[in-house]
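K.L.:
Here's a structure for you.
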Amino acid sequence: MNLAIRVIPCLDVDDGRVVKGVNFTGLRDAGDPVELAARYDAGGADELVFLDITASSGDRQTMLDVVRRTADCIFIPLTVGGGVRSPADFDRLLRAGADKVSLNTAAIADPNLLSEAAQRFGSQCVVLSIDARRCPAGVSTESGFEVTTHGGRRSTGIDAITWAVEGTKRGAGEILLNSMDADGTKAGFDLELIESVRREVRVPLIASGGAGSLADFAPAVHAGADAVLAASVFHFGEVTVVEVKQSLAKSGFPVRNTSL
Amino acid sequence: MTTQNIVILDYGSGNLRSAQRALEKVGANVTVTADFESAVNADALVVPGVGAFAACMRGILEVRGDAIIDRRLTGGRPVLGICVGMQVLFADGVEHGTAVAGLGQWPGRVEQLAAPILPHMGWDTVRAPVDSTIFAEVAGERFYFVHSYGVTSWELNEHDLNRQPPMVTWGTHGTEFVAAVEDGPLVATQFHPEKSGDAGLALLHAWVRSLH
């Protein structure tokens with residue numbers, strides 16, 4: 001295979017502003033998702049993810065405006081997730097300029113949402129985002145991994161691997177796999193989780209959660225990830241997208257834009 | 001150089017905004033519409049497409065896209081198909097065991113690719129002919145693909161002396177597939193140039209320049 005391993009920065013957006021601090025120099029407005037998106041595009045990102053963490057569902061209009069302005073100035077794929085609850089939400093984001101939309105909690109509550117979205121808009125734009133963790137005491141699943149909601153705070157008892165398989169059967173064209181155990185630790189991706197999902201699903205797999213240093217990325221790809229996603233290590237400038245690509249290339253993986 | 005007026009055929013398929021912005025960025029004047037006369041008479045027409053082959057064909061036929069494309073090509077007026085907008089130009093497409101007729105501009109069947117991971121999603125290289133117009137400046141670059149189906153073989157009819165044979169650019173994902181075609185006024189890419197960063201913009205720029 002010659003397909004490049006994708007390196008994807010993720011921006012958490014709250015009411016139109018990027019949260020979780022961003023430490024780039026030379027930005028006019030470090031909280032502006034549009035300006036940051038353009039910066040990452042110029043910095044070699046293969047794709048971008050916006051995660052809308054706005055608490056009130058009433059103000060989704062702000063996110064649509066952010067998506068619109070971003071799509072107007074960057075020419076790489078944009079995935080938008082967070083608070084998507086219906087095919088109508090999906091449609092609005094696609095029309096605003098999102099290329100893919102990720103579903104998480106709403107798909108757990110109503111798996112039919114995945115099927116409907118895939119039928120109406122095509123699997124290529126349906127991303128199933130799974131917040132998985134190792135089963136804590138009192139919870140047991142066949143794989144040992146369960147799906148969580150509410151940022152990893154709430155247990156569902158659903159087997160994460162089974163859910164990934166069902167999601168792709170229902171038409172998800174990609175899995176965004178977030179390890180809630182590894183998230184924020186900067187101790188590397190959860191390789192066992194990635195391997196377990198990779199064994200069972202045939203759609204592209206984005207690994208997320210745990211990236212702390214350059215050495216963390218190649219093992220995730222070895223474990224079966226087609227793309228690697230990170231937030232804070234990029235935002236704080238601890239590693240750059242190009243550095244990640246160079247480290248992947250050194251491990252023998254195909255990448256694009258290593259010499260910006 | 002006069003500005004080219006380009007129509008993006010709006011038949012209800014996906015994100016058209018990116019294609020519009022990318023073409024504007026390379027200097028074209030872009031209208032997104034399904035209006036028959038505008039689509040027939042524009043300097044160039046873009047036929048986008050994402051999702052299912054059958055759904056795209058339905059949408060195209062509803063706005064009489066078949067007649068629009070036929071009329072344009074009869075007059076030698078340029079058309080660019082993108083992604084499923086390229087696939088529908090072939091004879092037919094098979095999804096879930098059922099064949100649906102395409103626009104039949106080119107021979108060949110659109111089928112699911114035989115690859116371990118589908119969709120083919122991400123940045124990949126292509127093998128373009130040396131005399132390609134659209135790849136002239138970006139032959140070694142990667143372009144953004146997202147598709148599970150493709151045309152895996154094409155018998156070039158070299159006995160057809162009435163016209164130049166089409167130039168076919170190939171990609172590989174599990175199997176070889178048609179990544180782009182340049183056939184006189186009819187040009188198409190399986191990948192999304194409007195999502196392929198600077199390489200995609202350069203390719204679109206080359207296409208827009210070729211319209212003059």
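Residues in the structure tokens are named by chain (A, B, ... in the order shown) and by number from 1 within that chain; ligands are numbered from 1 in the order shown.
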Do you know which residues are at most 9 Å from Ala202 of chain B counting only C-alpha atoms, after dropping those on the same chain fewer than 2 positions away, and could you put them as a PDB file with N, CA and C atoms, in the first residue's frame?
P.N.:
ATOM      1  N   VAL B  26      -8.629  29.556  -7.958  1.00  0.00           N
ATOM      2  CA  VAL B  26      -7.745  29.516  -9.131  1.00  0.00           C
ATOM      3  C   VAL B  26      -8.268  30.416 -10.258  1.00  0.00           C
ATOM      4  N   ILE B 134      -3.502  18.048 -17.075  1.00  0.00           N
ATOM      5  CA  ILE B 134      -3.846  18.441 -15.702  1.00  0.00           C
ATOM      6  C   ILE B 134      -2.786  18.038 -14.685  1.00  0.00           C
ATOM      7  N   PHE B 135      -2.006  16.980 -14.990  1.00  0.00           N
ATOM      8  CA  PHE B 135      -0.977  16.550 -14.041  1.00  0.00           C
ATOM      9  C   PHE B 135       0.403  17.120 -14.365  1.00  0.00           C
ATOM     10  N   GLU B 137       2.095  19.685 -13.833  1.00  0.00           N
ATOM     11  CA  GLU B 137       2.942  20.282 -12.794  1.00  0.00           C
ATOM     12  C   GLU B 137       2.878  19.545 -11.467  1.00  0.00           C
ATOM     13  N   VAL B 138       2.052  18.490 -11.401  1.00  0.00           N
ATOM     14  CA  VAL B 138       1.843  17.837 -10.101  1.00  0.00           C
ATOM     15  C   VAL B 138       1.900  16.309 -10.204  1.00  0.00           C
ATOM     16  N   PRO B 193      -9.901  16.969  -6.190  1.00  0.00           N
ATOM     17  CA  PRO B 193      -8.880  18.025  -6.298  1.00  0.00           C
ATOM     18  C   PRO B 193      -9.164  19.179  -5.349  1.00  0.00           C
ATOM     19  N   GLY B 197      -5.392  19.990  -1.208  1.00  0.00           N
ATOM     20  CA  GLY B 197      -4.404  21.014  -0.877  1.00  0.00           C
ATOM     21  C   GLY B 197      -3.855  21.725  -2.100  1.00  0.00           C
ATOM     22  N   ASP B 198      -2.590  22.115  -2.006  1.00  0.00           N
ATOM     23  CA  ASP B 198      -1.964  22.873  -3.097  1.00  0.00           C
ATOM     24  C   ASP B 198      -1.892  22.066  -4.394  1.00  0.00           C
ATOM     25  N   ALA B 199      -1.679  20.751  -4.261  1.00  0.00           N
ATOM     26  CA  ALA B 199      -1.595  19.913  -5.471  1.00  0.00           C
ATOM     27  C   ALA B 199      -2.925  19.930  -6.218  1.00  0.00           C
ATOM     28  N   GLY B 200      -4.009  19.855  -5.457  1.00  0.00           N
ATOM     29  CA  GLY B 200      -5.332  19.865  -6.071  1.00  0.00           C
ATOM     30  C   GLY B 200      -5.643  21.205  -6.719  1.00  0.00           C
ATOM     31  N   LEU B 204      -6.467  21.958 -10.610  1.00  0.00           N
ATOM     32  CA  LEU B 204      -7.645  22.715 -11.058  1.00  0.00           C
ATOM     33  C   LEU B 204      -7.230  23.934 -11.871  1.00  0.00           C
ATOM     34  N   HIS B 205      -6.138  24.556 -11.443  1.00  0.00           N
ATOM     35  CA  HIS B 205      -5.644  25.718 -12.173  1.00  0.00           C
ATOM     36  C   HIS B 205      -5.248  25.317 -13.593  1.00  0.00           C
ATOM     37  N   ALA B 206      -4.582  24.175 -13.712  1.00  0.00           N
ATOM     38  CA  ALA B 206      -4.178  23.680 -15.041  1.00  0.00           C
ATOM     39  C   ALA B 206      -5.413  23.403 -15.903  1.00  0.00           C
ATOM     40  N   TRP B 207      -6.452  22.855 -15.279  1.00  0.00           N
ATOM     41  CA  TRP B 207      -7.674  22.581 -16.034  1.00  0.00           C
ATOM     42  C   TRP B 207      -8.330  23.889 -16.478  1.00  0.00           C
TER      43      TRP B 207
END
K.L.:
Using DSSP on the backbone coordinates, identify all residues within chain B classified as alpha helix (DSSP H); present the result as a PyMOL selection string.
P.N.:
chain B and resi 17-25+36-41+53-62+65-74+84-87+197-210
K.L.:
Return as a ChimeraX atom specification the full set of residues in segment 13-252 of chain A whose backbone-based DSSP assignment is strand (DSSP E or B).
P.N.:
/A:13-14,17-18,48-52,78-81,100-103,126-134,145-149,154-159,174-179,205-208,227-230
K.L.:
May I ask which of the residues B:Glu141, B:Asp92, B:Asp43, B:Glu62 is the closest one to chain A, counting only C-alpha atoms?
P.N.:
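That would be B:Glu141, the residue with the smallest distance to chain A.
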K.L.:
Residues of chain B no more than 7 Å from chain A, counting only C-alpha atoms: send them over as a PyMOL selection string.
P.N.:
chain B and resi 14-15+17-18+21+50-52+116-119+122-124+142+146-147+173+194-197
K.L.:
Select, from B:Met86, B:Val151, B:Ile69, B:Val187, the residue with the minimum atom-to-atom distance to Val110 of chain B, counting only C-alpha atoms.
P.N.:
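Distance minimum relative to Val110 of chain B lands on B:Val151.
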K.L.:
Write out as JSON, numbers by chain which residues come within 12 Å of Val40 of chain B when counting only C-alpha atoms, dropping same-chain ones fewer than 3 positions away.
P.N.:
{"B": [5, 6, 7, 8, 9, 33, 34, 35, 36, 37, 43, 44, 45, 46, 63, 64, 65, 66, 67, 68, 69, 70, 71, 72, 73, 74, 75, 76, 77, 78, 79]}
K.L.:
With N, CA and C atoms kept, could you save the residues just selected as a tab-separated table (two decimals), in the first residue's frame?
P.N.:
chain	number	residue	atom	x	y	z
B	5	ASN	N	-16.34	31.28	-16.86
B	5	ASN	CA	-17.57	31.07	-16.10
B	5	ASN	C	-17.84	29.57	-15.99
B	6	ILE	N	-17.79	29.09	-14.76
B	6	ILE	CA	-17.95	27.66	-14.54
B	6	ILE	C	-19.21	27.41	-13.74
B	7	VAL	N	-19.98	26.41	-14.19
B	7	VAL	CA	-21.16	26.00	-13.43
B	7	VAL	C	-20.86	24.68	-12.73
B	8	ILE	N	-21.16	24.63	-11.43
B	8	ILE	CA	-21.14	23.35	-10.71
B	8	ILE	C	-22.57	22.85	-10.68
B	9	LEU	N	-22.77	21.66	-11.22
B	9	LEU	CA	-24.12	21.12	-11.35
B	9	LEU	C	-24.64	20.73	-9.97
B	33	THR	N	-25.60	25.71	-9.64
B	33	THR	CA	-27.00	25.73	-10.09
B	33	THR	C	-27.35	24.43	-10.82
B	34	ALA	N	-28.67	24.20	-10.96
B	34	ALA	CA	-29.13	23.08	-11.76
B	34	ALA	C	-29.86	23.61	-13.01
B	35	ASP	N	-29.76	24.91	-13.23
B	35	ASP	CA	-30.46	25.51	-14.37
B	35	ASP	C	-29.90	24.97	-15.69
B	36	PHE	N	-30.79	24.44	-16.51
B	36	PHE	CA	-30.41	23.73	-17.73
B	36	PHE	C	-29.59	24.62	-18.69
B	37	GLU	N	-30.15	25.79	-19.00
B	37	GLU	CA	-29.47	26.66	-19.97
B	37	GLU	C	-28.11	27.11	-19.47
B	43	ASP	N	-18.86	28.26	-19.68
B	43	ASP	CA	-17.58	27.95	-20.31
B	43	ASP	C	-17.15	26.52	-19.95
B	44	ALA	N	-17.46	26.12	-18.73
B	44	ALA	CA	-17.16	24.75	-18.32
B	44	ALA	C	-18.16	24.31	-17.28
B	45	LEU	N	-18.36	22.99	-17.19
B	45	LEU	CA	-19.31	22.43	-16.23
B	45	LEU	C	-18.57	21.44	-15.34
B	46	VAL	N	-18.83	21.54	-14.03
B	46	VAL	CA	-18.28	20.55	-13.09
B	46	VAL	C	-19.42	19.68	-12.60
B	63	VAL	N	-32.22	16.45	-12.99
B	63	VAL	CA	-31.97	17.80	-13.50
B	63	VAL	C	-31.58	17.76	-14.98
B	64	ARG	N	-31.80	16.61	-15.62
B	64	ARG	CA	-31.47	16.39	-17.03
B	64	ARG	C	-29.97	16.57	-17.29
B	65	GLY	N	-29.19	16.13	-16.32
B	65	GLY	CA	-27.75	16.23	-16.45
B	65	GLY	C	-27.21	15.43	-17.63
B	66	ASP	N	-27.89	14.32	-17.97
B	66	ASP	CA	-27.45	13.52	-19.12
B	66	ASP	C	-27.51	14.34	-20.40
B	67	ALA	N	-28.64	15.06	-20.57
B	67	ALA	CA	-28.79	15.89	-21.78
B	67	ALA	C	-27.82	17.07	-21.76
B	68	ILE	N	-27.62	17.63	-20.56
B	68	ILE	CA	-26.69	18.77	-20.43
B	68	ILE	C	-25.29	18.34	-20.88
B	69	ILE	N	-24.85	17.19	-20.37
B	69	ILE	CA	-23.49	16.73	-20.70
B	69	ILE	C	-23.39	16.37	-22.18
B	70	ASP	N	-24.40	15.69	-22.71
B	70	ASP	CA	-24.40	15.34	-24.14
B	70	ASP	C	-24.28	16.58	-25.02
B	71	ARG	N	-25.12	17.57	-24.71
B	71	ARG	CA	-25.11	18.79	-25.53
B	71	ARG	C	-23.75	19.48	-25.47
B	72	ARG	N	-23.23	19.53	-24.26
B	72	ARG	CA	-21.93	20.20	-24.10
B	72	ARG	C	-20.87	19.49	-24.92
B	73	LEU	N	-20.82	18.17	-24.78
B	73	LEU	CA	-19.75	17.42	-25.45
B	73	LEU	C	-19.90	17.45	-26.97
B	74	THR	N	-21.14	17.47	-27.43
B	74	THR	CA	-21.38	17.58	-28.87
B	74	THR	C	-20.75	18.87	-29.40
B	75	GLY	N	-20.84	19.91	-28.60
B	75	GLY	CA	-20.25	21.19	-29.00
B	75	GLY	C	-18.80	21.34	-28.57
B	76	GLY	N	-18.22	20.30	-28.01
B	76	GLY	CA	-16.82	20.36	-27.60
B	76	GLY	C	-16.59	21.23	-26.36
B	77	ARG	N	-17.65	21.41	-25.56
B	77	ARG	CA	-17.52	22.28	-24.38
B	77	ARG	C	-17.11	21.47	-23.15
B	78	PRO	N	-16.16	21.98	-22.38
B	78	PRO	CA	-15.53	21.19	-21.31
B	78	PRO	C	-16.47	20.78	-20.16
B	79	VAL	N	-16.22	19.56	-19.67
B	79	VAL	CA	-16.93	19.01	-18.52
B	79	VAL	C	-15.88	18.34	-17.63
K.L.:
I'd like the neighbourhood of Pro48 of chain B as a VMD selection string, where a residue qualifies if any of its atoms comes within 6 Å (using only C-alpha atoms), though same-chain residues fewer than 2 positions away should be ignored.
P.N.:
chain B and resid 81 to 82 85
K.L.:
Please write the residues from the selection above to a file, keeping N, CA, C and O atoms, as a PDB file, in the first residue's frame.
P.N.:
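again_16.pdb, freshly written:
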ATOM      1  N   GLY B  81     -15.728  15.830 -14.300  1.00  0.00           N
ATOM      2  CA  GLY B  81     -16.414  14.994 -13.308  1.00  0.00           C
ATOM      3  C   GLY B  81     -15.492  14.738 -12.127  1.00  0.00           C
ATOM      4  O   GLY B  81     -14.297  14.513 -12.312  1.00  0.00           O
ATOM      5  N   ILE B  82     -16.044  14.803 -10.921  1.00  0.00           N
ATOM      6  CA  ILE B  82     -15.239  14.576  -9.721  1.00  0.00           C
ATOM      7  C   ILE B  82     -15.850  13.448  -8.888  1.00  0.00           C
ATOM      8  O   ILE B  82     -17.045  13.473  -8.594  1.00  0.00           O
ATOM      9  N   GLY B  85     -18.998  11.788  -9.598  1.00  0.00           N
ATOM     10  CA  GLY B  85     -19.230  12.538 -10.838  1.00  0.00           C
ATOM     11  C   GLY B  85     -18.366  12.035 -11.979  1.00  0.00           C
ATOM     12  O   GLY B  85     -18.673  12.249 -13.150  1.00  0.00           O
TER      13      GLY B  85
END
K.L.:
Hey, what's within 6 Å of Tyr11 of chain B if we count only C-alpha atoms and toss same-chain stuff fewer than 2 positions away? As a PyMOL selection string, please?
P.N.:
chain B and resi 13+59-60
K.L.:
Between B:Val32, B:Val100, B:Met121, B:Ala114, which one has atoms that come closest to Ile206 of chain A, using only C-alpha atoms?
P.N.:
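Among B:Val32, B:Val100, B:Met121, B:Ala114, it is B:Met121 that comes nearest to Ile206 of chain A.
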K.L.:
With a distance cut-off of 7 Å and only C-alpha atoms, select the neighbouring residues of Leu113 of chain B, excluding the residue or stretch itself and same-chain residues fewer than 2 positions from it, and output the selection as a list in words.
P.N.:
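Counting only the stated atoms, we get Glu111, Ala115, Ser148, Tyr149, Gly150 and Thr175 of chain B.
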K.L.:
Would you mind listing what lies within 8 Å of Arg17 of chain A as a PDB file with N, CA and C atoms, in the first residue's frame, with only C-alpha atoms counted and same-chain residues fewer than 5 positions away left out?
P.N.:
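The result, written out as out_36.pdb:
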ATOM      1  N   GLY A  31      -7.411  31.864  19.562  1.00  0.00           N
ATOM      2  CA  GLY A  31      -8.641  31.140  19.852  1.00  0.00           C
ATOM      3  C   GLY A  31      -9.548  30.987  18.645  1.00  0.00           C
ATOM      4  N   ASP A  32      -9.101  31.504  17.504  1.00  0.00           N
ATOM      5  CA  ASP A  32      -9.945  31.455  16.310  1.00  0.00           C
ATOM      6  C   ASP A  32      -9.725  30.147  15.555  1.00  0.00           C
ATOM      7  N   PRO A  33     -10.724  29.270  15.520  1.00  0.00           N
ATOM      8  CA  PRO A  33     -10.537  27.971  14.850  1.00  0.00           C
ATOM      9  C   PRO A  33     -10.185  28.105  13.371  1.00  0.00           C
TER      10      PRO A  33
END
K.L.:
Distance atom CA of Gly81 of chain A-atom CA of Val101 of chain A, one decimal place?
P.N.:
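Rounded to one decimal, the two atoms are 5.6 Å apart.
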